[in-house]
Amino acid sequence: MLGARRVRRARGHEVAVFRSAENKVFALLDRCPHKGGPLSQGIVYGESVACPLHNWQIGLSDGCAKAPDEGCAQRFEVMVANGEVSLNINELNSLALE
Amino acid sequence: MNLVMVGNGMAGVRTLEELIKLTPELYNITVFGSEPHPNYNRILLSPVLAGEQQLDEIILNPLSWYSDNGITLHTGWTVKEIDRVKRIVYAENSQGDKCSAPYDRLILATGSNPFMLPVPGRELAGVLAYRDIADTQAMIDAATKYKNAVVIGGGLLGLEAANGLMKRGMMVTVVHVADWLMERQLDKTAGQMLQKSLEARGMQFRIGAQTQSLIGNAKGRVEQVLFKDGTHAAADLVVMAVGIRPNTALAEKMRLHCDRGIVVTDTLQTVTDPRIYAVGECAAHRGIAYGLVAPLFEQGKVLANHLAEYGIGRYTGSLTSTKLKVTGIDLFSAGDFMGSKDGLTEEIILSDPKEGVYKKLVIRDDQLIGACLFGDTVDGSWYFKLLRDGRNIADIREKLMFGESNIGDVGHEGHNKAVSMPDDAEVCGCNGVSKGAICKAIKEKGLFTLDEVRKQTKASASCGSCTGLVEQILMFTAGGDYSATPKKKAICGCTDSSHQEVRDAIREKKLLTNEAVFKALNWRHPTGCASCRPAVNYYRLSSWAKEALDDPQSRFINERSHANIQKDGTYSVIPRMWGGETTADELRRIADVVDKYKIPTVKVTGGQRIDLLGVKKEDLVNVWKDIGMPSGHAYAKALRTVKTCVGSEWCRMGTQDSTKMGKDLERAMWRMYAPHKVKFAVSGCPRNCAEAGIKDVGIIGVDSGWEMYIAGNGGIKTEVAHFFTKLKTEDEVLEYTGAFMQLYREEGWYLERTVHYVNRVGLDYVKKKILDDEVGRKALWERLQFALEGEPDPWFEFDKAQVDTRQFEAISV
């Protein structure tokens, strides 16, 4: 099933983990580049998510908004092995902390 | 495969744009254009001539667009011959060089030629047509050197040419053979008003005059126009604008069937050779060669669809409307504005010559079939929509003339005329888009449709109350024949199917899952998008109650988490209070929850409920449990609230127990999902303290029973509800309200409020279905009760309501 979960970090904003209908997994900072909407709460379709606040369309693979909107959400590395999803702890501890 | 296009104009290039959107890789594309320019907006030549825009501003596709999309472009090359057997195109440039290109598919987009009057002297220097950049440039140059211009032809193009030349300082006389100006777009009264207002600007006219010949001077330049009655007019420049003819010379040479254009089928294929398509002004579809841009773009879309091998699009013809691009003159006409003399058409006319306003509406069999507006064209797009939709106008006939102005009341300082707004005035109050920003985007990005403007600027993309204004801006910026929103509107970019077609398919083919719908209707993206998924989900659920399964991932976050998301990502919780009545016990529990979960804001809503704002998502489940009241569905496209006044139990004026009626209605219909949110109100007497006049259903108690009002709206555009019927008993109120709701649930389009639904189908239709048809009414009411029976409360019955509780936990690292 497609959808999203949120991962809370020790420091910094939460990270959203998405699954597409084709079972591909992506991770982005859970903040829309527009006004900080929680992307994890949006509707996932294809390889995009629609921000729940103002319907910006964000690409899951690059975190970037579709034209004419501009801006990108921080991407995080994802690994899937034997049905387990792993995030890179170094990234979680270092990226987009403010 | 090789795709070759002959012609590099608006219709053809738009076709390529649509094609590349659908399938960027399928074809190697080569384009031949005999003009030395990339594709430009021909409609905007008039503003260029008038000095209001520059030539480089009207380029639609710069050369880089062609190279970015891998298109080989030959500008300045004219196609001379096409070998249909070997499938090769032969072209030649002005130096006499030759080249060729093979094709698998060929598009002829050769446009049209101006018609030159066959009068002696037409080959003289200074005699021009008005068709392309070269003509326009020649006119601009002439205006700097010469004084007198004669424009032959008082149609749309001729008047725009005359206006431009006048603005460039020439003395202009318009010669027109018919009895009044623009006789194909205006009736006599409007034509004469137009003439008067152009005369006031200094334009001169020779109405009814027939041109005999053009006289030249010793240098071979035109000097005079001689008329058949022996009079003459001085002319250093003569512009012929007496009409256009589809350019079919090449097609005829190729032995393709031509009859007032290259004859094409509903897929734009020539009837002679299915590998060859024709699009735009050169094509004759069902006997009509269109000259305006909107239908040509519709053709382009179908053609692209066919070339992309989807093969589901059909072009079935267009209705067109006209607007003159002369700054400061408002004029609009569409359809059969003359009416017939057989007594079957009726006319409604408003005429105020002093103010320069004239409006004529032509009606036949209770349908608007034509409109001609002069001086005040604000409602042009609304009339055009009524005309195309063929809506029965009997119920709005007396108000028809005064317009709908489908323009909201709020967010743009009450402006309803875009022309008079300054550039810095805010048009879209939601996204803060000014008129200037919209005009700029339309010009620079070459936008033609409302959807394109929405995408590029976000104007009218949120609440939509400024849609009417944006359409007006589009009309006068992009040109009169802007691409009006097509009659059949696709749900979203994933499909060509309209809301109605999707709904019908779900019902007829019993499609129970989103995937089945996407597959059956050839969706372009297998998982749809954020626009169509909620709509399709709703159509399935409302068509197949108890059989179709909800897909929570096709619902907006509010309906998935059963709370309203706020700007900071927290949620609000509004518990249900039946009829707006509460108890000390409930209030105590609410107060305790506010303390326990440190809820920052408590607010009383407009619908008489209590709103707890700033609840963290992980607290939602416990907040619901501790409050112990049912879900208020304040987050859903569903029955929100039933607002009530005190009523006869306490009020000294009350005639009916409105609170009890309200509670009964709310208990009967809560958990009812609908195309959009639904609000009721019940008042106990005609003083109407519950404000029932602006609700989807408003009930007003009177001494002898209840009055029922429907389709009111208190939001973007305040709409007073229509009186629907008078009822005697409370059971009747339940039955009639329920039947109306079920009708709306079954027929309303997703995100269409009752006011828009009733406007679309007509109040008479709703009356017929509910008041005149007792069996049908009772069946509707039963279907609603069947659908609602056993519906879970999503705040407590998580499994049954398919609430995925994992969403309320965050994973921590």
# chains A, B, ... in the order shown; residues from 1 in each chain; ligands from 1

$ select_by_dssp --residues "chain A" --states "strand (DSSP E or B)" --output "number ranges by chain"
A: 3-8, 15-19, 25-29, 43-45, 48-50, 57-59, 64-65, 72, 75-76, 78-81, 84-87

$ residues_around --residues "range 89-91 of chain B" --least-positions-apart "4" --cutoff "7 Å" --atoms "only C-alpha atoms" --output "number ranges by chain"
B: 77-83, 98-102

$ write_last_selection --atoms "N, CA and C atoms" --output "mmCIF file, in the first residue's frame"
data_model
loop_
_atom_site.group_PDB
_atom_site.id
_atom_site.type_symbol
_atom_site.label_atom_id
_atom_site.label_comp_id
_atom_site.auth_asym_id
_atom_site.auth_seq_id
_atom_site.Cartn_x
_atom_site.Cartn_y
_atom_site.Cartn_z
ATOM 1 N N TRP B 77 11.592 28.232 -45.405
ATOM 2 C CA TRP B 77 11.509 27.214 -46.454
ATOM 3 C C TRP B 77 10.038 26.955 -46.769
ATOM 4 N N THR B 78 9.723 27.025 -48.055
ATOM 5 C CA THR B 78 8.351 26.776 -48.471
ATOM 6 C C THR B 78 8.264 25.386 -49.100
ATOM 7 N N VAL B 79 7.296 24.619 -48.656
ATOM 8 C CA VAL B 79 7.123 23.282 -49.222
ATOM 9 C C VAL B 79 6.444 23.409 -50.576
ATOM 10 N N LYS B 80 7.096 22.854 -51.588
ATOM 11 C CA LYS B 80 6.601 23.016 -52.950
ATOM 12 C C LYS B 80 5.839 21.790 -53.423
ATOM 13 N N GLU B 81 6.264 20.636 -52.944
ATOM 14 C CA GLU B 81 5.672 19.425 -53.481
ATOM 15 C C GLU B 81 5.780 18.298 -52.463
ATOM 16 N N ILE B 82 4.795 17.413 -52.498
ATOM 17 C CA ILE B 82 4.847 16.257 -51.616
ATOM 18 C C ILE B 82 4.524 15.011 -52.432
ATOM 19 N N ASP B 83 5.428 14.026 -52.333
ATOM 20 C CA ASP B 83 5.222 12.765 -53.041
ATOM 21 C C ASP B 83 4.550 11.794 -52.092
ATOM 22 N N LYS B 98 17.218 23.700 -52.461
ATOM 23 C CA LYS B 98 16.180 22.690 -52.292
ATOM 24 C C LYS B 98 16.549 21.732 -51.174
ATOM 25 N N CYS B 99 15.530 21.203 -50.475
ATOM 26 C CA CYS B 99 15.790 20.124 -49.524
ATOM 27 C C CYS B 99 14.559 19.234 -49.452
ATOM 28 N N SER B 100 14.698 18.089 -48.792
ATOM 29 C CA SER B 100 13.564 17.170 -48.710
ATOM 30 C C SER B 100 13.590 16.458 -47.364
ATOM 31 N N ALA B 101 12.446 15.877 -47.014
ATOM 32 C CA ALA B 101 12.361 15.122 -45.761
ATOM 33 C C ALA B 101 11.335 14.009 -45.933
ATOM 34 N N PRO B 102 11.695 12.778 -45.504
ATOM 35 C CA PRO B 102 10.736 11.677 -45.598
ATOM 36 C C PRO B 102 9.779 11.698 -44.414
#

$ interface_residues --of "chain A" --to "chain B" --cutoff "7 Å" --atoms "only C-alpha atoms" --output "PyMOL selection string"
chain A and resi 3+5-10+37-38+41-43+45-46+50+52-53+68

$ atom_distance --atom1 "CA of Pro675 in chain B" --atom2 "CA of Arg745 in chain B"
6.2 Å

$ atom_distance --atom1 "CA of Lys617 in chain B" --atom2 "CA of Val594 in chain B"
14.7 Å
